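Trainee: Following this line is run.cif, made up of mmCIF, C-alpha atoms:
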```cif
data_target
loop_
_atom_site.label_atom_id
_atom_site.label_comp_id
_atom_site.auth_asym_id
_atom_site.auth_seq_id
_atom_site.Cartn_x
_atom_site.Cartn_y
_atom_site.Cartn_z
CA MET A 1 21.93 49.19 -14.83
CA SER A 2 23.03 51.22 -17.80
CA GLU A 3 22.81 49.90 -21.30
CA ILE A 4 26.00 48.33 -22.64
CA ILE A 5 26.66 49.25 -26.21
CA ILE A 6 30.08 47.64 -26.56
CA THR A 7 29.48 44.59 -28.71
CA ASP A 8 30.58 41.07 -27.85
CA ARG A 9 32.69 41.05 -30.98
CA ALA A 10 34.54 44.20 -29.87
CA LEU A 11 35.14 42.63 -26.46
CA GLU A 12 36.45 39.42 -28.04
CA SER A 13 38.82 41.41 -30.19
CA ALA A 14 40.03 43.54 -27.24
CA ALA A 15 40.46 40.43 -25.07
CA ALA A 16 42.58 38.77 -27.77
CA GLU A 17 44.67 41.92 -28.08
CA TYR A 18 45.18 42.14 -24.33
CA ARG A 19 46.05 38.43 -24.19
CA GLU A 20 48.81 38.81 -26.76
CA ALA A 21 50.23 41.87 -24.96
CA MET A 22 50.16 40.08 -21.62
CA LEU A 23 51.83 36.94 -23.00
CA ALA A 24 54.52 38.98 -24.73
CA GLU A 25 55.75 39.93 -21.27
CA LEU A 26 55.88 36.38 -19.99
CA PRO A 27 58.60 33.83 -20.71
CA MET A 28 57.79 30.89 -22.94
CA PRO A 29 57.15 27.68 -20.98
CA SER A 30 60.37 26.19 -22.39
CA GLU A 31 62.36 29.09 -20.95
CA CYS A 32 61.26 28.42 -17.37
CA GLU A 33 63.46 26.35 -15.11
CA HIS A 34 62.61 24.84 -11.78
CA GLU A 35 63.50 21.74 -9.83
CA PHE A 36 60.25 20.55 -8.27
CA SER A 37 60.16 18.91 -4.85
CA ALA A 38 59.98 15.13 -4.67
CA GLU A 39 56.57 15.42 -3.03
CA TYR A 40 55.21 17.53 -5.86
CA VAL A 41 56.58 15.15 -8.49
CA LYS A 42 54.98 12.21 -6.73
CA LYS A 43 51.60 13.96 -6.60
CA ARG A 44 51.83 15.09 -10.20
CA ASP A 45 52.76 11.65 -11.49
CA GLU A 46 49.93 10.15 -9.47
CA LEU A 47 47.49 12.60 -11.04
CA ILE A 48 48.63 11.73 -14.55
CA ARG A 49 48.55 8.01 -13.78
CA ARG A 50 45.07 8.12 -12.31
CA THR A 51 43.54 10.20 -15.06
CA HIS A 52 44.96 7.80 -17.66
CA ARG A 53 43.42 4.84 -15.99
CA ARG A 54 39.85 6.09 -16.13
CA SER A 55 39.39 6.15 -19.85
CA THR A 56 37.43 2.93 -20.02
CA ILE A 57 34.51 4.12 -17.94
CA GLY A 58 34.15 7.56 -19.51
CA ARG A 59 31.42 6.58 -21.93
CA TYR A 60 29.12 5.58 -19.10
CA MET A 61 29.40 8.96 -17.51
CA ARG A 62 28.24 11.36 -20.13
CA ASN A 63 24.88 12.14 -18.60
CA VAL A 64 24.85 15.02 -16.18
CA ALA A 65 27.32 15.38 -13.40
CA ALA A 66 24.78 15.89 -10.67
CA ILE A 67 27.27 14.91 -8.03
CA PHE A 68 30.82 15.04 -9.15
CA ILE A 69 33.24 12.85 -7.32
CA ALA A 70 36.90 12.94 -8.02
CA VAL A 71 40.05 11.56 -6.58
CA ILE A 72 42.62 14.24 -6.88
CA LEU A 73 45.98 14.99 -5.49
CA GLY A 74 46.34 16.18 -1.97
CA SER A 75 47.64 19.50 -0.97
CA GLY A 76 47.97 20.99 2.46
CA ALA A 77 46.22 24.08 1.25
CA PHE A 78 42.95 22.29 0.68
CA LEU A 79 42.55 21.22 4.24
CA GLY A 80 43.33 24.53 5.80
CA VAL A 81 40.07 25.96 4.63
CA ASN A 82 37.35 25.02 7.02
CA GLY A 83 38.79 23.32 10.03
CA GLU A 84 35.66 23.14 12.12
CA ALA A 85 34.24 20.38 9.99
CA ARG A 86 37.28 18.17 10.27
CA ALA A 87 37.84 14.83 11.93
CA ASP A 88 34.32 13.51 11.81
CA PHE A 89 35.61 10.04 11.18
CA LEU A 90 38.41 8.17 12.80
CA ALA A 91 41.50 8.44 10.60
CA TRP A 92 39.55 10.52 8.07
CA ALA A 93 39.46 14.27 7.81
CA ARG A 94 36.37 15.76 6.25
CA SER A 95 36.58 19.41 5.29
CA LEU A 96 34.53 21.88 3.35
CA TYR A 97 36.31 23.52 0.45
CA GLU A 98 34.43 26.00 -1.68
CA ASN A 99 31.39 24.04 -2.88
CA SER A 100 32.89 20.63 -2.13
CA ILE A 101 33.48 18.19 0.65
CA ILE A 102 37.03 16.86 0.80
CA TYR A 103 37.92 13.59 2.48
CA ARG A 104 41.47 12.78 3.38
CA TYR A 105 42.84 9.69 5.02
CA SER A 106 45.53 10.02 7.64
CA GLY A 107 46.11 6.39 8.60
CA GLU A 108 48.63 3.87 7.30
CA SER A 109 47.32 2.29 4.15
CA GLU A 110 50.28 1.68 1.89
CA SER A 111 50.55 -2.05 2.37
CA ALA A 112 46.91 -3.09 2.62
CA PRO A 113 45.95 -5.09 -0.45
CA LEU A 114 42.75 -4.21 -2.25
CA PRO A 115 40.13 -6.78 -1.25
CA TYR A 116 38.49 -8.79 -4.00
CA CYS A 117 34.98 -7.34 -4.08
CA GLU A 118 31.91 -9.09 -5.41
CA LEU A 119 28.42 -7.68 -5.64
CA THR A 120 26.35 -10.67 -4.70
CA TRP A 121 23.08 -8.78 -5.22
CA VAL A 122 22.25 -6.24 -7.90
CA PRO A 123 18.83 -4.97 -8.96
CA GLU A 124 17.03 -7.01 -11.59
CA ASP A 125 18.10 -6.45 -15.21
CA TYR A 126 21.43 -4.88 -14.33
CA GLU A 127 24.47 -6.50 -15.90
CA LEU A 128 28.14 -6.02 -15.29
CA VAL A 129 29.63 -4.19 -18.29
CA ILE A 130 32.98 -3.04 -16.90
CA ASP A 131 35.16 -4.67 -14.28
CA ASP A 132 38.33 -2.63 -14.00
CA ARG A 133 40.66 -3.80 -11.28
CA TYR A 134 44.07 -2.43 -10.42
CA GLU A 135 46.40 -2.73 -7.47
CA ASP A 136 44.84 0.16 -5.64
CA SER A 137 41.50 0.80 -7.24
CA LEU A 138 38.46 -0.91 -8.62
CA THR A 139 35.60 0.21 -10.84
CA MET A 140 32.60 -1.93 -11.70
CA VAL A 141 29.91 -0.52 -13.96
CA TYR A 142 26.47 -2.15 -14.18
CA ARG A 143 23.91 -1.23 -16.77
CA ASN A 144 20.33 -2.21 -17.60
CA ALA A 145 18.44 -2.33 -20.90
CA ASN A 146 17.14 1.24 -20.39
CA GLY A 147 20.67 2.56 -20.25
CA ASP A 148 20.55 3.27 -16.49
CA SER A 149 23.83 2.60 -14.75
CA PHE A 150 25.33 2.32 -11.37
CA ILE A 151 28.99 2.27 -10.51
CA PHE A 152 30.70 0.58 -7.62
CA SER A 153 34.21 1.80 -7.06
CA CYS A 154 36.96 1.63 -4.53
CA GLU A 155 40.12 3.69 -4.19
CA ARG A 156 43.10 3.33 -1.93
CA MET A 157 43.63 6.61 -0.15
CA THR A 158 47.15 7.65 0.69
CA GLU A 159 48.65 10.76 2.16
CA TYR A 160 48.73 12.12 -1.38
CA SER A 161 45.12 11.57 -2.30
CA LEU A 162 41.94 13.39 -1.61
CA MET A 163 38.38 12.55 -2.38
CA GLN A 164 36.41 15.55 -3.48
CA ILE A 165 32.65 15.59 -3.68
CA GLU A 166 31.19 18.58 -5.42
CA LEU A 167 27.95 19.63 -3.85
CA THR A 168 26.50 21.39 -6.88
CA ASP A 169 22.93 20.13 -7.25
CA VAL A 170 23.17 18.05 -4.08
CA HIS A 171 20.13 18.64 -1.92
CA THR A 172 20.77 16.21 0.94
CA SER A 173 23.85 14.77 2.56
CA THR A 174 23.31 12.33 5.43
CA LYS A 175 25.95 10.72 7.62
CA LEU A 176 25.29 7.08 8.39
CA GLU A 177 26.87 4.15 10.15
CA LEU A 178 26.47 1.04 8.04
CA ASN A 179 27.82 -2.28 9.26
CA ALA A 180 30.42 -0.45 11.35
CA TYR A 181 31.54 1.68 8.40
CA ASP A 182 31.29 5.46 8.53
CA ALA A 183 29.26 6.41 5.51
CA GLU A 184 27.63 9.37 3.84
CA LEU A 185 24.70 9.39 1.46
CA PHE A 186 24.33 12.20 -1.09
CA GLU A 187 21.09 12.81 -2.95
CA SER A 188 20.90 15.19 -5.87
CA ASP A 189 18.08 17.17 -7.40
CA ASP A 190 17.72 14.82 -10.35
CA GLY A 191 17.26 11.77 -8.12
CA SER A 192 20.83 10.49 -8.39
CA LEU A 193 22.39 8.96 -5.32
CA ALA A 194 25.92 8.45 -4.12
CA LEU A 195 26.77 6.31 -1.12
CA LEU A 196 30.31 6.63 0.13
CA TRP A 197 31.87 4.63 2.94
CA MET A 198 35.30 4.35 4.46
CA ASP A 199 37.34 1.53 5.82
CA ASN A 200 39.20 3.02 8.77
CA GLU A 201 41.78 0.28 8.96
CA SER A 202 42.83 -0.12 5.35
CA GLY A 203 42.24 3.41 4.08
CA PHE A 204 40.04 2.27 1.22
CA ILE A 205 37.11 4.45 0.29
CA TYR A 206 34.14 2.86 -1.46
CA MET A 207 31.35 4.37 -3.48
CA ILE A 208 28.15 3.42 -5.18
CA ASN A 209 26.87 6.00 -7.67
CA ALA A 210 23.48 5.44 -9.23
CA ASN A 211 21.19 7.47 -11.41
CA ALA A 212 18.04 5.38 -11.28
CA LEU A 213 18.10 3.46 -8.00
CA ASP A 214 16.52 4.38 -4.71
CA GLU A 215 18.18 4.39 -1.33
CA THR A 216 16.84 0.94 -0.44
CA ASP A 217 18.42 -0.63 -3.52
CA VAL A 218 21.71 1.12 -2.95
CA ILE A 219 21.84 -0.02 0.69
CA HIS A 220 20.90 -3.54 -0.44
CA ILE A 221 23.85 -3.57 -2.87
CA PHE A 222 26.08 -2.30 -0.08
CA ASP A 223 24.84 -4.95 2.38
CA ASP A 224 25.55 -7.79 -0.03
CA ILE A 225 29.07 -6.89 -1.09
CA LYS A 226 31.49 -9.69 -0.39
CA TYR A 227 35.04 -8.59 0.43
CA THR A 228 37.69 -11.28 0.13
CA LYS A 229 41.10 -10.34 1.48
CA MET B 1 23.99 10.17 -13.69
CA LEU B 2 26.57 10.56 -11.01
CA VAL B 3 30.09 10.93 -12.11
CA CYS B 4 32.91 9.13 -10.43
CA VAL B 5 36.52 10.02 -10.93
CA ALA B 6 35.91 11.23 -14.41
CA LEU B 7 37.57 14.59 -14.61
CA ILE B 8 38.58 14.06 -18.17
CA GLU B 9 36.91 11.73 -20.59
CA GLY B 10 38.65 9.79 -23.27
CA ALA B 11 42.11 8.31 -23.47
CA ARG B 12 43.31 10.95 -25.92
CA HIS B 13 42.22 13.76 -23.66
CA LYS B 14 43.94 12.16 -20.71
CA LEU B 15 47.18 11.90 -22.61
CA ARG B 16 46.86 15.53 -23.64
CA PHE B 17 46.18 16.53 -20.06
CA GLY B 18 49.43 14.87 -18.96
CA MET B 19 51.25 16.65 -21.76
CA LEU B 20 49.72 19.96 -20.76
CA ILE B 21 50.88 19.55 -17.16
CA LEU B 22 54.41 18.73 -18.19
CA ARG B 23 54.51 21.55 -20.70
CA TYR B 24 53.23 24.34 -18.50
CA GLU B 25 54.11 23.38 -14.93
CA LYS B 26 57.34 25.39 -14.78
CA LEU B 27 55.71 28.51 -16.16
CA MET B 28 52.83 27.98 -13.73
CA PHE B 29 55.27 27.58 -10.88
CA ARG B 30 57.05 30.78 -11.83
CA ILE B 31 53.78 32.71 -11.79
CA ALA B 32 52.54 31.16 -8.54
CA ASN B 33 55.85 31.65 -6.81
CA SER B 34 56.02 35.28 -7.90
CA ILE B 35 52.74 35.80 -6.05
CA LEU B 36 53.33 33.56 -3.01
CA ASN B 37 57.09 33.77 -2.65
CA ASN B 38 57.03 30.30 -1.13
CA GLU B 39 57.90 27.22 -3.18
CA LYS B 40 55.73 24.80 -1.21
CA ASP B 41 52.68 27.05 -1.47
CA ALA B 42 53.39 27.62 -5.15
CA GLU B 43 53.41 23.86 -5.74
CA ASP B 44 50.08 23.62 -3.89
CA ALA B 45 48.70 26.34 -6.15
CA LEU B 46 49.68 24.21 -9.15
CA GLN B 47 47.80 21.21 -7.76
CA GLU B 48 44.66 23.29 -7.35
CA ALA B 49 45.11 24.78 -10.80
CA PHE B 50 45.44 21.31 -12.37
CA LEU B 51 42.10 20.32 -10.90
CA SER B 52 40.41 23.44 -12.23
CA ILE B 53 41.98 22.95 -15.66
CA ALA B 54 41.00 19.28 -15.69
CA LYS B 55 37.38 20.19 -15.05
CA ASN B 56 37.35 22.53 -18.03
CA PHE B 57 39.71 20.57 -20.22
CA SER B 58 37.16 20.15 -23.00
CA LYS B 59 37.49 23.89 -23.65
CA ILE B 60 41.16 23.53 -24.54
CA SER B 61 41.53 22.84 -28.22
CA GLU B 62 45.27 23.30 -28.74
CA LEU B 63 47.94 22.74 -26.11
CA ASP B 64 50.36 25.18 -27.64
CA ASP B 65 48.33 28.19 -28.60
CA ASN B 66 48.31 31.52 -26.82
CA LYS B 67 44.69 31.19 -25.74
CA THR B 68 45.58 28.08 -23.77
CA ARG B 69 48.64 29.70 -22.27
CA ALA B 70 46.63 32.77 -21.22
CA TYR B 71 43.92 30.60 -19.69
CA ILE B 72 46.48 28.62 -17.70
CA VAL B 73 48.09 31.83 -16.49
CA THR B 74 44.68 33.11 -15.36
CA VAL B 75 43.88 29.91 -13.48
CA VAL B 76 47.19 29.59 -11.67
CA GLU B 77 47.17 33.27 -10.74
CA ARG B 78 43.72 32.88 -9.26
CA LYS B 79 44.70 29.78 -7.29
CA ALA B 80 47.87 31.41 -5.99
CA ILE B 81 45.90 34.44 -4.86
CA ASN B 82 43.36 32.20 -3.14
CA ILE B 83 46.18 30.51 -1.22
CA TYR B 84 47.69 33.88 -0.42
CA ASN B 85 44.37 35.04 0.99
CA ARG B 86 43.85 31.85 2.97
CA LYS B 87 47.27 32.14 4.55
CA LYS B 88 46.75 35.70 5.62
CA ALA B 89 45.26 36.52 9.00
CA HIS B 90 42.76 38.70 7.14
CA PRO B 91 41.48 36.53 4.34
CA SER B 92 39.66 39.32 2.60
CA VAL B 93 42.77 40.87 1.07
CA SER B 94 41.54 41.73 -2.37
CA TYR B 95 43.17 40.96 -5.64
CA GLU B 96 43.86 44.60 -6.16
CA ASP B 97 45.33 45.26 -2.73
CA TYR B 98 47.71 42.40 -3.27
CA PHE B 99 48.71 43.30 -6.76
CA GLU B 100 49.08 46.97 -6.00
CA ALA B 101 51.71 45.98 -3.45
CA ALA B 102 53.36 43.26 -5.48
CA ASP B 103 55.40 43.54 -8.61
CA PRO B 104 52.81 42.97 -11.31
CA GLY B 105 55.44 41.28 -13.48
CA PHE B 106 53.38 41.07 -16.60
CA SER B 107 51.18 44.10 -16.64
CA PRO B 108 51.19 44.78 -20.35
CA ASP B 109 52.53 47.88 -21.95
CA HIS B 110 49.54 49.95 -23.05
CA HIS B 111 51.34 51.34 -26.10
CA GLY B 112 49.98 50.02 -29.31
CA LEU B 113 46.79 48.65 -27.79
CA SER B 114 43.44 49.75 -29.14
CA PRO B 115 41.49 52.03 -26.77
CA LEU B 116 39.21 49.16 -25.68
CA ALA B 117 42.11 46.74 -25.07
CA ALA B 118 43.99 49.47 -23.17
CA ALA B 119 40.90 50.11 -21.04
CA LEU B 120 40.65 46.38 -20.42
CA SER B 121 44.27 46.30 -19.23
CA ARG B 122 43.43 49.03 -16.71
CA LEU B 123 40.41 47.24 -15.26
CA PRO B 124 40.74 45.81 -11.74
CA ARG B 125 42.25 42.37 -12.04
CA GLU B 126 39.11 40.51 -10.97
CA GLN B 127 36.96 42.28 -13.56
CA ARG B 128 39.57 41.75 -16.26
CA GLU B 129 39.75 38.07 -15.38
CA LEU B 130 36.00 37.74 -15.90
CA ILE B 131 36.15 39.49 -19.27
CA MET B 132 39.05 37.28 -20.35
CA LEU B 133 37.35 34.05 -19.25
CA LYS B 134 34.17 35.02 -21.04
CA TYR B 135 35.40 36.73 -24.19
CA ASP B 136 38.80 35.15 -24.77
CA CYS B 137 38.41 31.65 -23.33
CA GLY B 138 34.75 31.32 -24.29
CA PHE B 139 33.37 30.19 -20.94
CA THR B 140 29.71 30.81 -20.16
CA SER B 141 28.82 32.77 -17.05
CA LYS B 142 27.59 29.54 -15.49
CA GLU B 143 30.93 27.85 -16.14
CA ILE B 144 32.78 30.84 -14.73
CA ALA B 145 30.55 30.78 -11.66
CA LYS B 146 31.48 27.15 -11.02
CA MET B 147 35.13 27.96 -11.48
CA LEU B 148 35.02 30.84 -9.03
CA ASP B 149 32.62 29.26 -6.56
CA SER B 150 30.04 31.90 -7.29
CA THR B 151 26.59 32.01 -8.85
CA ASP B 152 25.55 32.56 -12.42
CA GLY B 153 23.66 35.70 -11.41
CA ALA B 154 26.61 37.14 -9.51
CA VAL B 155 28.95 36.52 -12.42
CA ARG B 156 26.54 38.12 -14.88
CA GLN B 157 26.23 41.14 -12.64
CA LYS B 158 30.00 41.48 -12.29
CA LEU B 159 30.45 41.12 -16.01
CA HIS B 160 27.90 43.85 -16.59
CA LYS B 161 29.74 46.13 -14.15
CA ALA B 162 33.04 45.41 -15.86
CA LYS B 163 31.55 46.30 -19.23
CA GLU B 164 29.98 49.43 -17.76
CA LYS B 165 33.38 50.47 -16.48
CA LEU B 166 34.98 49.85 -19.87
CA GLN B 167 32.29 51.91 -21.53
CA LYS B 168 32.74 54.80 -19.11
CA GLU B 169 36.50 54.72 -19.64
CA LEU B 170 36.05 54.98 -23.37
CA GLU B 171 33.47 57.75 -23.03
CA LYS B 172 35.80 59.65 -20.71
CA GLU B 173 38.52 59.47 -23.35
CA GLY B 174 36.11 60.62 -26.01
CA VAL B 175 36.38 57.34 -27.88
CA GLU B 176 33.30 56.46 -29.87
CA VAL B 177 31.90 53.18 -28.59
#
```
Could you render the structure as C-alpha cells?

Mentor:
Amino acid sequence: MSEIIITDRALESAAAEYREAMLAELPMPSECEHEFSAEYVKKRDELIRRTHRRSTIGRYMRNVAAIFIAVILGSGAFLGVNGEARADFLAWARSLYENSIIYRYSGESESAPLPYCELTWVPEDYELVIDDRYEDSLTMVYRNANGDSFIFSCERMTEYSLMQIELTDVHTSTKLELNAYDAELFESDDGSLALLWMDNESGFIYMINANALDETDVIHIFDDIKYTK
Amino acid sequence: MLVCVALIEGARHKLRFGMLILRYEKLMFRIANSILNNEKDAEDALQEAFLSIAKNFSKISELDDNKTRAYIVTVVERKAINIYNRKKAHPSVSYEDYFEAADPGFSPDHHGLSPLAAALSRLPREQRELIMLKYDCGFTSKEIAKMLDSTDGAVRQKLHKAKEKLQKELEKEGVEV
C-alpha cells in the first residue's frame, strides 16, 4: 500500500465542499411532493408510535448491544433476500438479511388480546423496576443490586411488523421447542443471552434478554411465566 | 447487556426521529424512486433507510443542516441500490454500472470545486460514499462496516484505496498534495 499524504483535515474540507455542491443540485425537502400509499403511511406511523413508546426502558439498555433486537416495520424487500431459510416455524417466516435474522408472522393476529403475563419465578435479588404494558406489547425490566438486568418483553406481530435480530457478536443460535413453543436461544460473546419464542396462534413473540443469567435461569423464568387470557 | 427494541434512546430523540422522517420522507422518496422507478420499491427503500438512520441517530445533531440532509441522501441511495440489485436477476450489478446507465440527477458541477473536492466527485460512487461517511458524517470505519454489512478491515482497506485514487488523481493533474 502506498503512503497517503492527503491529511484528514483536507479530506474533511473536500467532503464538505462536495456535500454542498451535491445538495445544491437537489430540491429542498419542502419542495418535494408525493402522495404516499396507505400501506406506507400505516408502516411509518407504526414506526413512529413504537419508537416513542420505548423511552422508559432506554436507561436500562446502555451497556453494550451484544445482541440487538428490534421490532421494525415490514417491507417485502426484506424477505426476498434469503428464501432458503424461510418457513422454519408454522405461521412464521425466518429469513437471513445481511447480518440479521428476520422473523415475520403471517397468521391472523389482529384481534388476539395480549395475555396478562406474570413472572412467577425470578432469580434471587432481582426486582421488577419497569412494568410497561400496552394493548399490543409488554416490557418488564428486572434489576439486581449489582446493576444486572433482564428484560421480559412481548410484541404483537402483524403483517406490518418484523422482528430483527442482529447477529453481530452472537456466537451461538440454537432452535428449541419449549412447552410446545418454537423458540430460539442466542448466546453472545460477552455471555449475554436472548431467548425468543413464538405463539403460533396469537402471533405474539416473546423474549427474555439477560446479561448476567445462564441458560438454566432463563429457561426457569420461561417455564414459570403465567399467561392469563 | 442485550438490547431489546431500543433503536433510539430517550424521549427527545424519539420525537426528533419522528420529525426527521416527516421532514425528509418526500425527498427520500424522490431519490429512491429516481433509482428504482417503482413507487412500491421506493417506499420499501425508505423503510430500510429509516432503520439504518435510527441505528445511527445519535450521530445526527441537527435535523435541518446540510450534513444531515447529505447523510440521509447517502443512506436512501444505498438502500435503493440494494433493492435494485436484489430485484435484478444478476444481483452483482455494481453501483457504477447502474449509475452509468441511469440519469445521475445530482452529480455536482465540478466548476468552482477545489482540486481535491473535484477529484472526490469523480471517484466511483462506492468509494465516494465511504469518504463522505467517514470525513463528512464522522462515522468510524467500524460503524461504516456495520452499516454496509462489511468488516472493519475491509472498510479500512477500501478507504485507503479511495484515498490512494484521490492522491493519484491530484498527482496526475500536477496538484501539490

Trainee: Using only C-alpha atoms, can you tell me which of A:Asn144, A:Ser153, A:Thr172, A:Asn179 comes closest to chain B?

Mentor: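 Of the candidates, the smallest distance to chain B is held by A:Ser153.
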
Trainee: In Å, rounded to a single decimal, give me how far CA of Asp131 (chain A) is from CA of Arg156 (chain A).

Mentor: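 Going from CA of Arg156 (chain A) over to CA of Asp131 (chain A), I get 16.7 Å.
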
Trainee: To one decimal place, how far is CA of Ile72 (chain B) from CA of Ser37 (chain A) in Å?

Mentor: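 These atoms are spaced 21.1 Å apart.
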
Trainee: Given the file above and the PyMOL selection byres ((chain B and resi 70) around 12), which residues are selected, and can you give them as an MDAnalysis selection string?

Mentor: (chainID A and resid 15:26 28:29) or (chainID B and resid 24 27:28 31 60 63:69 71:77 106 129 132:133 136:137)

Trainee: Record the distance separating CA of Phe152 (chain A) and CA of Met140 (chain A), expressed in Å with one decimal.

Mentor: 5.2 Å

Trainee: Apply the PyMOL selection byres ((chain B and resi 143-153) around 8) to the file shown and report the selected residues as a PyMOL selection string.

Mentor: (chain A and resi 98-99) or (chain B and resi 52+130+133-134+139-142+154-157)

Trainee: Using only C-alpha atoms, can you tell me which of A:Glu33, A:Asp8, A:Glu46, A:Glu3 comes closest to Phe29 (chain B)?

Mentor: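 Looking at the shortest contact to Phe29 (chain B), the residue is A:Glu33.
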
Trainee: Can you list, as a ChimeraX atom specification, the residues that the PyMOL selection byres ((chain A and resi 146) around 12) selects here?

Mentor: /A:125-127,142-145,147-149,211-212

Trainee: For chain A, which of B:Gln47, B:Asn85, B:Asn56, B:Asn38 is the closest residue, counting only C-alpha atoms?

Mentor: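 Distance minimum relative to chain A lands on B:Gln47.
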
Trainee: For each of A:Ala180, A:Thr216, A:Ser192, A:Glu135, take the minimum atom-to-atom distance to chain B, counting all atoms listed in the file, then give the residue where this is smallest.

Mentor: A:Ser192

Trainee: Counting all atoms listed in the file, which residues sit no farther than 8 Å from the position (35.5, 1.9, 4.2) in the file's frame? I'd like them as a PDB file with C-alpha atoms, in the coordinates of the input.

Mentor:
```pdb
ATOM      1  CA  TYR A 181      31.540   1.680   8.400  1.00  0.00           C
ATOM      2  CA  ASP A 182      31.290   5.460   8.530  1.00  0.00           C
ATOM      3  CA  ALA A 183      29.260   6.410   5.510  1.00  0.00           C
ATOM      4  CA  TRP A 197      31.870   4.630   2.940  1.00  0.00           C
ATOM      5  CA  MET A 198      35.300   4.350   4.460  1.00  0.00           C
ATOM      6  CA  ASP A 199      37.340   1.530   5.820  1.00  0.00           C
ATOM      7  CA  ASN A 200      39.200   3.020   8.770  1.00  0.00           C
ATOM      8  CA  SER A 202      42.830  -0.120   5.350  1.00  0.00           C
ATOM      9  CA  GLY A 203      42.240   3.410   4.080  1.00  0.00           C
ATOM     10  CA  PHE A 204      40.040   2.270   1.220  1.00  0.00           C
ATOM     11  CA  ILE A 205      37.110   4.450   0.290  1.00  0.00           C
ATOM     12  CA  TYR A 206      34.140   2.860  -1.460  1.00  0.00           C
TER      13      TYR A 206
END
```

Trainee: Can you work out which one of B:Gly138, B:Ala117, B:Val175, B:Gln127 has the shortest atom-to-atom distance to chain A, counting all atoms listed in the file?

Mentor: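 Once distances to chain A are computed over all atoms listed in the file, the minimum belongs to B:Ala117.
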
Trainee: Assuming 4 Å of padding per side, give the centre and edge lengths of the axis-aligned box around every listed atom of region 116-123 of chain B, in Å to one decimal and as lines of an AutoDock Vina configuration file.

Mentor:
```
center_x = 41.7
center_y = 48.2
center_z = -20.5
size_x = 13.1
size_y = 11.8
size_z = 18.4
```

Trainee: For a quick check of understanding, using only C-alpha atoms, which of B:Lys168, B:Arg23, B:Arg78, B:Arg16 has the smallest distance to chain A?

Mentor: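 Residue with the minimum atom-to-atom distance to chain A: B:Arg23.
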
Trainee: Which residues are near Tyr84 (chain B)? Cut-off 8 Å, only C-alpha atoms, ignore same chain within fewer than 3 positions. Put them as a ChimeraX atom specification.

Mentor: /B:35-36,80-81,87-88

Trainee: Could you name the residues that touch Ile5 (chain A) at 12 Å or less, counting only C-alpha atoms, but leaving out those on the same chain fewer than 5 positions away, as a PyMOL selection string?

Mentor: (chain A and resi 10-11) or (chain B and resi 160+163-168+170-171+176-177)
